[in-house]
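Step one of this worksheet: look at the structure below.
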Amino acid sequence: MKIRELQLYTNELEKTKSFYTTILAFDLIEENENQFSLQVGWTRLTFIKSDEEHIYHFSFLVCKNQFEKAFDWIQNKTKILNTDADQHIANFENWNAQSFYFYDEARNLAEMITHYDLAYENDAEFNQHSILGISEIGLPTTDIETTNQLLEEKTTSKFWKGDFETFGTNGSDEGKILLPNYFIKTTWFPTTDKITPTPFTAILENENHYSKVIFDNNKLNISNVAIL
């Protein structure tokens with residue numbers, strides 16, 4: 001699975017735009033007074049103006065031989081969060097992955113992650129263009145199994161790793177929907193930030209099948225999309 005488009009909402013539009021276009025220097029590909037869009041690898045990332053605060057958790061995927069370079073690159077631009085005591089890197093052995101975390105200006109929890117089972121490598125100097133795409137977006141739910149079943153039926157994706165009780169995932173190493181049961185798993189690792197359902201729209205690609213996923217008011221709507 002790849003997340004080809006992701007639309008999020010923010011009540012800090014200008015601060016968010018400044019962070020991603022000035023500090024992280026992503027390419028600004030479209031903007032108006034109510035929204036702006038960035039190109040992040042294979043993902044078009046859009047932030048839309050909102051009167052309400054919405055806090056998200058999402059991740060950026062980097063090549064397996066550039067994880068340390070990505071860490072240094074972000075460390076020079078913003079604060080990296082602790083994962084445990086004085087540690088800044090999280091090791092996910094059952095995912096064969098490593099990651100680290102930081103906040104953007106709207107206090108969204110962003111993550112840089114590498115999956116060592118993926119073949120992507122890049123020997124160039126690391127910069128914003130080295131990021132492969134957005135590989136995770138959180139979709140909090142109270143029924144992981146039912147939500148996963150709907151995703152499988154409508155997007156042709158599969159349950160990836162985790163469980164149906166506390167925390168599951170749907171998708172693949174390249175792109176996945178995070179499915180925490182926010183009645184049980186109440187905070188986003190490695191923070192004390194409360195997990196709450198937040199609206200988003202995404203275009204998912206899975207084996208040449210494209211789906212539009214709309215999550216709003218704790219309801220999930222999925223439809224097929226024709227991509228020319």
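Each chain in the structure tokens gets a letter, A, B, ..., in the order shown, and its residues are numbered from 1; ligands are numbered from 1 in order too.
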
* Asked: Contacts of Ala70 of chain A at 8 Å or less, counting only C-alpha atoms, minus same-chain residues fewer than 4 places along, as a list in words?
  ->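 So the residues in contact are Val62, Gln66, Ile74, Met112, Phe126 and Asn127 of chain A.
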
Saved selection, atoms kept: N, CA, C and O atoms, as a PDB file, in the first residue's frame:
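And here's result-v4.pdb as it stands now:
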```pdb
ATOM      1  N   VAL A  62      11.779   6.589   5.239  1.00  0.00           N
ATOM      2  CA  VAL A  62      13.110   6.858   4.689  1.00  0.00           C
ATOM      3  C   VAL A  62      13.803   5.542   4.350  1.00  0.00           C
ATOM      4  O   VAL A  62      13.460   4.477   4.876  1.00  0.00           O
ATOM      5  N   GLN A  66      19.620   5.253   5.130  1.00  0.00           N
ATOM      6  CA  GLN A  66      19.674   6.685   5.397  1.00  0.00           C
ATOM      7  C   GLN A  66      19.054   7.077   6.736  1.00  0.00           C
ATOM      8  O   GLN A  66      18.852   8.256   7.002  1.00  0.00           O
ATOM      9  N   ILE A  74      17.022  15.967  10.820  1.00  0.00           N
ATOM     10  CA  ILE A  74      15.939  16.500  11.649  1.00  0.00           C
ATOM     11  C   ILE A  74      16.489  17.134  12.919  1.00  0.00           C
ATOM     12  O   ILE A  74      16.020  18.199  13.364  1.00  0.00           O
ATOM     13  N   MET A 112       9.776   9.737  11.768  1.00  0.00           N
ATOM     14  CA  MET A 112      10.608   9.248  10.665  1.00  0.00           C
ATOM     15  C   MET A 112      10.848   7.775  10.927  1.00  0.00           C
ATOM     16  O   MET A 112      11.329   7.397  12.005  1.00  0.00           O
ATOM     17  N   PHE A 126      21.357  13.333   2.480  1.00  0.00           N
ATOM     18  CA  PHE A 126      19.945  13.343   2.866  1.00  0.00           C
ATOM     19  C   PHE A 126      19.407  14.763   2.884  1.00  0.00           C
ATOM     20  O   PHE A 126      20.026  15.680   3.426  1.00  0.00           O
ATOM     21  N   ASN A 127      18.204  14.921   2.281  1.00  0.00           N
ATOM     22  CA  ASN A 127      17.454  16.167   2.392  1.00  0.00           C
ATOM     23  C   ASN A 127      15.975  15.845   2.256  1.00  0.00           C
ATOM     24  O   ASN A 127      15.582  14.673   2.272  1.00  0.00           O
TER      25      ASN A 127
END
```

* **A:Ile214, A:Ile80, A:Leu38, A:Ala106 ranked by distance to Phe26 of chain A, top pick (using only C-alpha atoms)** =>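 Closest residue, counting only C-alpha atoms: A:Leu38.
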
* To do: Compile the contact shell of Asp143 of chain A as number ranges by chain: residues with an atom at most 10 Å away, counting only C-alpha atoms, same-chain residues fewer than 4 positions apart removed.
  => A: 147-148, 164-166, 179-183

* Measuring atom to atom with only C-alpha atoms, identify which of A:Leu150, A:Thr43, A:Leu204, A:Tyr20 is nearest to Leu220 of chain A. =>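 Under the stated criterion, the closest residue is A:Leu150.
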
* Which polymer residues have any atom within 6 Å of an atom of Ala110 of chain A, counting only C-alpha atoms, with same-chain residues fewer than 2 positions away left out, as a PyMOL selection string? -> chain A and resi 57-59+101-103

* Give the strand (DSSP E or B) residues of segment 26-88 of chain A, as DSSP finds them on the backbone, and put them as a PyMOL selection string. => chain A and resi 27-32+35-40+43-49+57-61+84+87

* Mind giving me the straight-line distance from atom CA of Tyr9 of chain A to atom CA of Pro190 of chain A in Å, one decimal? => 22.5 Å

* Asked: Leaving out Glu52 of chain A and any residue of its chain fewer than 6 positions from it, which residues lie within 12 Å of it when counting only C-alpha atoms, given as a list in words?
  -> Leu8, Tyr9, Thr10, Asn11, Glu12, Leu13, Ala106, Thr198 and Pro199 of chain A

With N, CA and C atoms retained, could you export that selection as a PDB file, in the first residue's frame?
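part16.pdb written:
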```pdb
ATOM      1  N   LEU A   8      -5.209  16.737   5.847  1.00  0.00           N
ATOM      2  CA  LEU A   8      -5.375  16.918   7.280  1.00  0.00           C
ATOM      3  C   LEU A   8      -5.894  18.328   7.562  1.00  0.00           C
ATOM      4  N   TYR A   9      -6.364  18.549   8.785  1.00  0.00           N
ATOM      5  CA  TYR A   9      -6.945  19.839   9.159  1.00  0.00           C
ATOM      6  C   TYR A   9      -6.127  20.461  10.293  1.00  0.00           C
ATOM      7  N   THR A  10      -6.038  21.793  10.265  1.00  0.00           N
ATOM      8  CA  THR A  10      -5.279  22.484  11.305  1.00  0.00           C
ATOM      9  C   THR A  10      -5.867  23.862  11.573  1.00  0.00           C
ATOM     10  N   ASN A  11      -5.820  24.276  12.833  1.00  0.00           N
ATOM     11  CA  ASN A  11      -6.208  25.644  13.192  1.00  0.00           C
ATOM     12  C   ASN A  11      -4.977  26.544  13.287  1.00  0.00           C
ATOM     13  N   GLU A  12      -3.829  26.012  12.851  1.00  0.00           N
ATOM     14  CA  GLU A  12      -2.578  26.771  12.816  1.00  0.00           C
ATOM     15  C   GLU A  12      -1.998  26.691  11.397  1.00  0.00           C
ATOM     16  N   LEU A  13      -2.764  27.177  10.428  1.00  0.00           N
ATOM     17  CA  LEU A  13      -2.388  26.978   9.023  1.00  0.00           C
ATOM     18  C   LEU A  13      -1.052  27.647   8.690  1.00  0.00           C
ATOM     19  N   ALA A 106       1.927  22.634  14.717  1.00  0.00           N
ATOM     20  CA  ALA A 106       0.556  22.451  15.184  1.00  0.00           C
ATOM     21  C   ALA A 106       0.476  21.352  16.238  1.00  0.00           C
ATOM     22  N   THR A 198      -9.606  11.907  14.664  1.00  0.00           N
ATOM     23  CA  THR A 198      -9.409  13.166  13.964  1.00  0.00           C
ATOM     24  C   THR A 198      -9.701  12.967  12.479  1.00  0.00           C
ATOM     25  N   PRO A 199     -10.389  13.921  11.851  1.00  0.00           N
ATOM     26  CA  PRO A 199     -10.816  13.733  10.462  1.00  0.00           C
ATOM     27  C   PRO A 199      -9.658  13.821   9.474  1.00  0.00           C
TER      28      PRO A 199
END
```
